[in-house]
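Shown next: coords-v1.txt, given as compact mmCIF, C-alpha atoms.
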# COMPACT_ATOMS: atom_id res chain seq x y z
CA GLY J 1317 178.51 120.79 171.41
CA ALA J 1318 176.33 123.19 169.48
CA VAL J 1319 173.89 125.24 171.52
CA VAL J 1320 170.46 126.46 170.59
CA SER J 1321 168.63 128.88 172.84
CA GLN J 1322 165.02 129.97 172.95
CA HIS J 1323 163.48 133.08 174.42
CA PRO J 1324 161.32 133.37 176.35
CA SER J 1325 161.23 130.08 178.19
CA ARG J 1326 157.70 130.75 179.39
CA VAL J 1327 155.09 133.23 178.31
CA ILE J 1328 151.55 133.87 179.42
CA CYS J 1329 149.38 136.10 177.31
CA LYS J 1330 145.79 137.12 176.89
CA SER J 1331 143.66 135.76 174.12
CA GLY J 1332 143.91 137.88 170.98
CA THR J 1333 147.45 139.06 171.49
CA SER J 1334 150.48 138.07 169.44
CA VAL J 1335 153.50 136.36 170.90
CA LYS J 1336 156.99 136.17 169.44
CA ILE J 1337 159.36 133.31 170.25
CA GLU J 1338 163.02 133.50 169.32
CA CYS J 1339 165.31 130.63 168.43
CA ARG J 1340 169.03 131.31 168.28
CA SER J 1341 171.99 129.18 167.35
CA LEU J 1342 174.63 130.46 169.73
CA ASP J 1343 177.86 129.07 168.37
CA PHE J 1344 177.09 128.07 164.83
CA GLN J 1345 175.23 129.28 161.79
CA ALA J 1346 172.02 127.63 160.72
CA THR J 1347 170.54 128.22 157.31
CA THR J 1348 167.67 126.00 158.32
CA MET J 1349 165.79 125.75 161.58
CA PHE J 1350 162.76 123.73 162.51
CA TRP J 1351 159.79 124.53 164.71
CA TYR J 1352 157.96 121.82 166.62
CA ARG J 1353 154.88 121.90 168.76
CA GLN J 1354 154.16 119.60 171.65
CA PHE J 1355 150.79 119.39 173.34
CA PRO J 1356 150.69 118.09 176.92
CA LYS J 1357 151.55 114.42 177.11
CA GLN J 1358 151.91 114.19 173.37
CA SER J 1359 154.71 113.90 170.89
CA LEU J 1360 156.55 116.61 169.02
CA MET J 1361 154.97 117.54 165.75
CA LEU J 1362 156.91 119.42 163.10
CA MET J 1363 155.18 122.69 162.27
CA ALA J 1364 157.48 124.29 159.75
CA THR J 1365 160.94 124.55 158.32
CA SER J 1366 162.48 127.98 158.62
CA ASN J 1367 164.83 128.94 155.79
CA GLU J 1368 167.24 131.83 156.02
CA GLY J 1369 166.52 134.36 153.33
CA SER J 1370 163.40 132.70 152.01
CA LYS J 1371 159.89 131.74 153.00
CA ALA J 1372 159.25 129.08 155.56
CA THR J 1373 157.84 125.73 154.54
CA TYR J 1374 154.81 124.71 156.55
CA GLU J 1375 153.61 121.20 157.28
CA GLN J 1376 150.17 120.20 156.20
CA GLY J 1377 147.49 121.55 158.48
CA VAL J 1378 149.59 124.36 159.95
CA GLU J 1379 148.18 127.83 159.31
CA LYS J 1380 150.97 129.98 157.97
CA ASP J 1381 149.05 133.18 158.65
CA LYS J 1382 148.63 132.11 162.23
CA PHE J 1383 152.21 131.04 162.82
CA LEU J 1384 154.51 133.54 161.19
CA ILE J 1385 158.10 132.50 160.79
CA ASN J 1386 160.97 134.81 159.99
CA HIS J 1387 164.54 133.60 159.56
CA ALA J 1388 166.22 136.97 159.54
CA SER J 1389 169.81 135.85 159.95
CA LEU J 1390 171.96 132.75 160.04
CA THR J 1391 171.58 132.55 163.80
CA LEU J 1392 168.01 133.66 164.44
CA SER J 1393 164.57 132.38 163.59
CA THR J 1394 161.40 133.77 165.12
CA LEU J 1395 157.96 132.23 165.45
CA THR J 1396 155.10 134.65 165.99
CA VAL J 1397 151.79 133.26 167.13
CA THR J 1398 149.29 135.82 165.91
CA SER J 1399 146.00 136.47 167.66
CA ALA J 1400 146.69 133.69 170.09
CA HIS J 1401 143.85 131.65 171.54
CA PRO J 1402 143.77 129.14 174.39
CA GLU J 1403 144.06 126.25 171.94
CA ASP J 1404 147.45 127.61 170.91
CA SER J 1405 148.75 126.92 174.39
CA SER J 1406 151.54 124.45 173.91
CA PHE J 1407 155.25 123.77 174.23
CA TYR J 1408 157.17 125.10 171.23
CA ILE J 1409 160.61 123.72 170.46
CA CYS J 1410 163.03 124.76 167.76
CA SER J 1411 165.96 122.84 166.37
CA ALA J 1412 168.82 123.46 164.01
CA PRO J 1413 171.37 121.27 162.26
CA LEU J 1414 174.99 122.18 161.82
CA ALA J 1415 175.85 123.06 158.25
CA GLY J 1416 176.79 119.91 156.42
CA GLU J 1417 175.53 117.66 159.20
CA PHE J 1418 172.26 116.30 158.01
CA ASP J 1419 171.82 113.69 160.63
CA THR J 1420 171.96 115.66 163.82
CA GLN J 1421 169.61 118.24 165.23
CA TYR J 1422 170.35 120.51 168.14
CA PHE J 1423 167.21 121.29 170.05
CA GLY J 1424 166.38 124.41 171.97
CA PRO J 1425 165.08 124.17 175.53
CA GLY J 1426 161.55 124.99 174.47
CA THR J 1427 159.05 127.76 175.16
CA ARG J 1428 155.89 127.10 177.10
CA LEU J 1429 153.06 129.29 175.86
CA THR J 1430 149.91 129.70 177.89
CA VAL J 1431 147.07 131.71 176.42
CA LEU J 1432 144.43 132.80 178.89
CA ALA M 1108 155.90 107.76 154.44
CA GLN M 1109 157.84 107.60 157.64
CA LYS M 1110 156.45 106.49 160.96
CA VAL M 1111 157.77 105.77 164.43
CA THR M 1112 155.73 103.75 166.87
CA GLN M 1113 156.28 103.56 170.60
CA ALA M 1114 153.56 101.25 171.75
CA GLN M 1115 154.28 101.65 175.45
CA THR M 1116 152.57 104.79 176.66
CA GLU M 1117 153.72 104.54 180.24
CA ILE M 1118 155.90 102.12 182.20
CA SER M 1119 156.37 101.96 185.95
CA VAL M 1120 159.22 100.08 187.56
CA VAL M 1121 160.85 99.93 190.93
CA GLU M 1122 164.36 101.24 191.29
CA LYS M 1123 167.09 98.79 190.25
CA GLU M 1124 164.83 96.95 187.86
CA ASP M 1125 165.82 96.69 184.20
CA VAL M 1126 163.42 98.21 181.70
CA THR M 1127 163.21 98.11 177.91
CA LEU M 1128 161.53 100.78 175.86
CA ASP M 1129 160.35 99.64 172.46
CA CYS M 1130 160.58 101.53 169.19
CA VAL M 1131 159.43 100.34 165.79
CA TYR M 1132 159.94 102.42 162.69
CA GLU M 1133 158.75 102.46 159.11
CA THR M 1134 160.56 103.86 156.11
CA ARG M 1135 161.28 102.80 152.57
CA ASP M 1136 164.54 104.70 152.47
CA THR M 1137 167.70 102.70 152.82
CA THR M 1138 169.68 105.43 154.50
CA TYR M 1139 168.24 106.85 157.65
CA TYR M 1140 169.08 107.72 161.22
CA LEU M 1141 167.49 106.68 164.45
CA PHE M 1142 167.60 108.58 167.70
CA TRP M 1143 166.57 108.37 171.31
CA TYR M 1144 165.89 111.48 173.36
CA LYS M 1145 165.03 111.92 176.99
CA GLN M 1146 162.61 114.65 178.02
CA PRO M 1147 162.59 115.37 181.75
CA PRO M 1148 159.80 117.45 183.31
CA SER M 1149 161.69 120.63 182.43
CA GLY M 1150 160.90 119.90 178.80
CA GLU M 1151 164.34 120.13 177.28
CA LEU M 1152 165.21 117.27 174.97
CA VAL M 1153 168.35 115.41 176.00
CA PHE M 1154 170.13 113.57 173.20
CA LEU M 1155 170.95 109.96 174.09
CA ILE M 1156 172.03 108.22 170.92
CA ARG M 1157 172.14 108.37 167.13
CA ARG M 1158 172.46 105.32 164.94
CA ASN M 1159 172.64 105.20 161.14
CA SER M 1160 170.93 102.51 159.13
CA PHE M 1161 174.17 100.84 158.13
CA ASP M 1162 175.37 100.28 161.63
CA GLU M 1163 173.50 97.49 163.35
CA GLN M 1164 175.97 97.07 166.14
CA ASN M 1165 174.39 97.26 169.52
CA GLU M 1166 175.70 99.95 171.78
CA ILE M 1167 176.20 100.19 175.48
CA SER M 1168 176.79 103.37 177.40
CA GLY M 1169 176.90 102.87 181.13
CA ARG M 1170 173.49 101.63 182.22
CA TYR M 1171 172.02 102.34 178.79
CA SER M 1172 172.04 99.95 175.87
CA TRP M 1173 170.42 99.95 172.47
CA ASN M 1174 169.42 97.06 170.24
CA PHE M 1175 169.02 97.93 166.56
CA GLN M 1176 167.51 95.22 164.37
CA LYS M 1177 166.76 96.11 160.77
CA SER M 1178 165.04 92.77 160.21
CA THR M 1179 162.28 93.81 162.57
CA SER M 1180 162.64 97.59 162.08
CA SER M 1181 163.19 98.03 165.77
CA PHE M 1182 165.49 100.17 167.84
CA ASN M 1183 164.89 99.28 171.47
CA PHE M 1184 166.39 100.98 174.48
CA THR M 1185 167.22 99.23 177.72
CA ILE M 1186 168.04 100.84 181.04
CA THR M 1187 169.79 98.51 183.43
CA ALA M 1188 169.39 98.97 187.17
CA SER M 1189 167.00 101.87 186.74
CA GLN M 1190 167.21 104.88 189.01
CA VAL M 1191 164.67 107.48 190.05
CA VAL M 1192 166.53 110.06 187.95
CA ASP M 1193 165.69 108.02 184.88
CA SER M 1194 162.06 109.04 185.26
CA ALA M 1195 161.17 111.01 182.14
CA VAL M 1196 159.49 110.73 178.79
CA TYR M 1197 161.62 109.00 176.20
CA PHE M 1198 161.21 109.64 172.49
CA CYS M 1199 162.42 107.57 169.60
CA ALA M 1200 162.88 109.48 166.34
CA LEU M 1201 163.74 108.85 162.71
CA SER M 1202 165.30 111.13 160.13
CA LEU M 1203 166.18 110.47 156.52
CA TYR M 1204 169.54 111.05 154.91
CA ASN M 1205 169.91 114.60 153.66
CA PHE M 1206 166.63 115.61 155.23
CA ASN M 1207 166.66 117.27 158.59
CA LYS M 1208 163.05 116.57 159.44
CA PHE M 1209 162.55 114.39 162.46
CA TYR M 1210 159.70 111.98 162.84
CA PHE M 1211 159.05 111.39 166.51
CA GLY M 1212 157.28 108.53 168.18
CA SER M 1213 154.56 109.29 170.67
CA GLY M 1214 156.92 108.82 173.60
CA THR M 1215 157.05 106.47 176.55
CA LYS M 1216 156.74 107.86 180.03
CA LEU M 1217 158.97 105.99 182.42
CA ASN M 1218 158.25 106.16 186.14
CA VAL M 1219 160.95 104.77 188.37
CA LYS M 1220 159.78 104.42 191.94
CA PRO M 1221 162.16 104.25 194.90

Kindly present the structure from the file in structure tokens form.
Amino acid sequence: GAVVSQHPSRVICKSGTSVKIECRSLDFQATTMFWYRQFPKQSLMLMATSNEGSKATYEQGVEKDKFLINHASLTLSTLTVTSAHPEDSSFYICSAPLAGEFDTQYFGPGTRLTVL
Amino acid sequence: AQKVTQAQTEISVVEKEDVTLDCVYETRDTTYYLFWYKQPPSGELVFLIRRNSFDEQNEISGRYSWNFQKSTSSFNFTITASQVVDSAVYFCALSLYNFNKFYFGSGTKLNVKP
């Protein structure tokens, strides 16, 4: 099956710093990728849709200047949490569909961000 | 608007008991997909099943079975003879045809005790 990886798997940073999380489709190309956020003991909430070659589409209530998304190639999307604060601590998960398959998402293993 | 409701926040059972996890969804679209995912403590989502809105056949896979009923907008998941390894959070999700966005339920934490 299709594989999506995320790097890093865990990151701890100081408040005020920026953190970059990578999402890669390892064996397929993805023109679209999705970023989700999961607070402890809560559900996954879609943050934004990452589009290769164009701007990301953000869900209502998500600060686009805070969560910068860059879909630089057909296999890589990055999420940068700028000037991170403790309330940004969360589990971030990306997903990607195979081209032409609109009903299946392949999820990455997630990145746990802790901001001190 | 789309919505997925998992009313059971947490369920505890003793090993070998059967357990059913409920999922109720809302959508006005006629073509949609329903999913179940398992999320162990490691956090990675494990795909369990996908069902499209035109296929109401129930499915069984080993100890797992799913009951899809459009009349009640439900897609329930039953684990037969539960095992400790089944302990995890289970999410039900909905996506619409031609849209890749997933709408997740709030999840049900299943605790299987030995």

Have a look at J:Ile1328, J:Val1319, J:Leu1360, J:Met1349 and name the one nearest to Thr1373 (chain J); count all atoms listed in the file.
J:Met1349

Would you kindly identify which residues have an atom no farther than 8 Å from (151.5, 126.2, 174.5), using all atoms listed in the file and the file's own coordinates, and write them out as an mmCIF file with C-alpha atoms, in the coordinates of the input?
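Written file, selection07.cif:
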data_model
loop_
_atom_site.group_PDB
_atom_site.id
_atom_site.type_symbol
_atom_site.label_atom_id
_atom_site.label_comp_id
_atom_site.auth_asym_id
_atom_site.auth_seq_id
_atom_site.Cartn_x
_atom_site.Cartn_y
_atom_site.Cartn_z
ATOM 1 C CA ARG J 1353 154.880 121.900 168.760
ATOM 2 C CA GLN J 1354 154.160 119.600 171.650
ATOM 3 C CA PHE J 1355 150.790 119.390 173.340
ATOM 4 C CA GLU J 1403 144.060 126.250 171.940
ATOM 5 C CA ASP J 1404 147.450 127.610 170.910
ATOM 6 C CA SER J 1405 148.750 126.920 174.390
ATOM 7 C CA SER J 1406 151.540 124.450 173.910
ATOM 8 C CA PHE J 1407 155.250 123.770 174.230
ATOM 9 C CA TYR J 1408 157.170 125.100 171.230
ATOM 10 C CA THR J 1427 159.050 127.760 175.160
ATOM 11 C CA ARG J 1428 155.890 127.100 177.100
ATOM 12 C CA LEU J 1429 153.060 129.290 175.860
ATOM 13 C CA THR J 1430 149.910 129.700 177.890
ATOM 14 C CA VAL J 1431 147.070 131.710 176.420
#

At a cut-off of 8 Å, list the chain J residues touching chain M, using all atoms listed in the file, as a list of chain:residue names.
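The answer, sorted by residue number, is J:Phe1350, J:Gln1358, J:Ser1359, J:Leu1360, J:Met1361, J:Leu1362, J:Pro1413, J:Phe1418, J:Asp1419, J:Thr1420, J:Gln1421, J:Phe1423, J:Gly1424, J:Pro1425, J:Gly1426.
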
Just the selected residues (C-alpha atoms), exported as a PDB file, in the coordinates of the input, please.
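Result file selection_34.pdb:
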ATOM      1  CA  PHE J1350     162.760 123.730 162.510  1.00  0.00           C
ATOM      2  CA  GLN J1358     151.910 114.190 173.370  1.00  0.00           C
ATOM      3  CA  SER J1359     154.710 113.900 170.890  1.00  0.00           C
ATOM      4  CA  LEU J1360     156.550 116.610 169.020  1.00  0.00           C
ATOM      5  CA  MET J1361     154.970 117.540 165.750  1.00  0.00           C
ATOM      6  CA  LEU J1362     156.910 119.420 163.100  1.00  0.00           C
ATOM      7  CA  PRO J1413     171.370 121.270 162.260  1.00  0.00           C
ATOM      8  CA  PHE J1418     172.260 116.300 158.010  1.00  0.00           C
ATOM      9  CA  ASP J1419     171.820 113.690 160.630  1.00  0.00           C
ATOM     10  CA  THR J1420     171.960 115.660 163.820  1.00  0.00           C
ATOM     11  CA  GLN J1421     169.610 118.240 165.230  1.00  0.00           C
ATOM     12  CA  PHE J1423     167.210 121.290 170.050  1.00  0.00           C
ATOM     13  CA  GLY J1424     166.380 124.410 171.970  1.00  0.00           C
ATOM     14  CA  PRO J1425     165.080 124.170 175.530  1.00  0.00           C
ATOM     15  CA  GLY J1426     161.550 124.990 174.470  1.00  0.00           C
TER      16      GLY J1426
END

Can you measure CA of Ser1399 (chain J) to CA of Gly1377 (chain J) for me? One decimal in Å is fine.
17.6 Å

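Of the residues under consideration (J:Leu1414, J:Gln1345, J:Glu1375, J:Tyr1352), J:Gln1345 shows the shortest atom-to-atom contact distance to His1387 (chain J) when counting all atoms listed in the file.
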
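For the atom pair formed by CA of Val1397 (chain J) and CA of Tyr1422 (chain J), the distance is 22.5 Å, given to one decimal.
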
Closest of J:Val1378, J:Leu1432, J:Ser1389, J:Lys1357 to Val1327 (chain J) - atom-to-atom distances counting all atoms listed in the file
J:Leu1432

In Å and to one decimal, CA of Lys1177 (chain M) is distant from CA of Tyr1144 (chain M) by 19.9 Å

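The shell of residues at most 9 Å from Phe1344 (chain J), with all atoms listed in the file counted and near chain neighbours (fewer than 2 positions) removed, consists of J:Ala1318, J:Val1319, J:Val1320, J:Ser1341, J:Leu1342, J:Ala1346, J:Leu1390, J:Thr1391, J:Leu1414, J:Ala1415.
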
With distances taken over all atoms listed in the file, which residue among M:Ile1156, M:Ile1167, M:Val1219, M:Val1131 lies nearest Gln1190 (chain M)?
M:Val1219

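Using all atoms listed in the file, the nearest neighbour of Phe1383 (chain J) within the list J:Asp1343, J:Ser1411, J:Pro1356, J:Ser1334 is J:Ser1334.
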
Box centre and edge lengths (Å, one decimal), axis-aligned, region 1123-1128 of chain M plus 8 Å each side, as AutoDock Vina command-line options:
--center_x 164.3 --center_y 98.7 --center_z 183.1 --size_x 21.6 --size_y 20.1 --size_z 30.4

With distances taken over all atoms listed in the file, which residue among J:Ala1364, J:Ala1372, J:Ile1385, J:Leu1395 lies nearest Lys1336 (chain J)?
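Nearest candidate to Lys1336 (chain J) out of J:Ala1364, J:Ala1372, J:Ile1385, J:Leu1395: J:Leu1395.
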
Neighbourhood query: residues within 8 Å of (158.5, 107.1, 189.2), file coordinates, counting all atoms listed in the file; return as a PyMOL selection string.
chain M and resi 1119-1121+1191+1194+1217-1221

Give me the residues near Phe1184 (chain M) as an MDAnalysis selection string, where near means some atom within 7 Å (using all atoms listed in the file) and where sequence neighbours in that chain fewer than 2 positions away do not count.
chainID M and resid 1127:1129 1172:1174 1182 1186
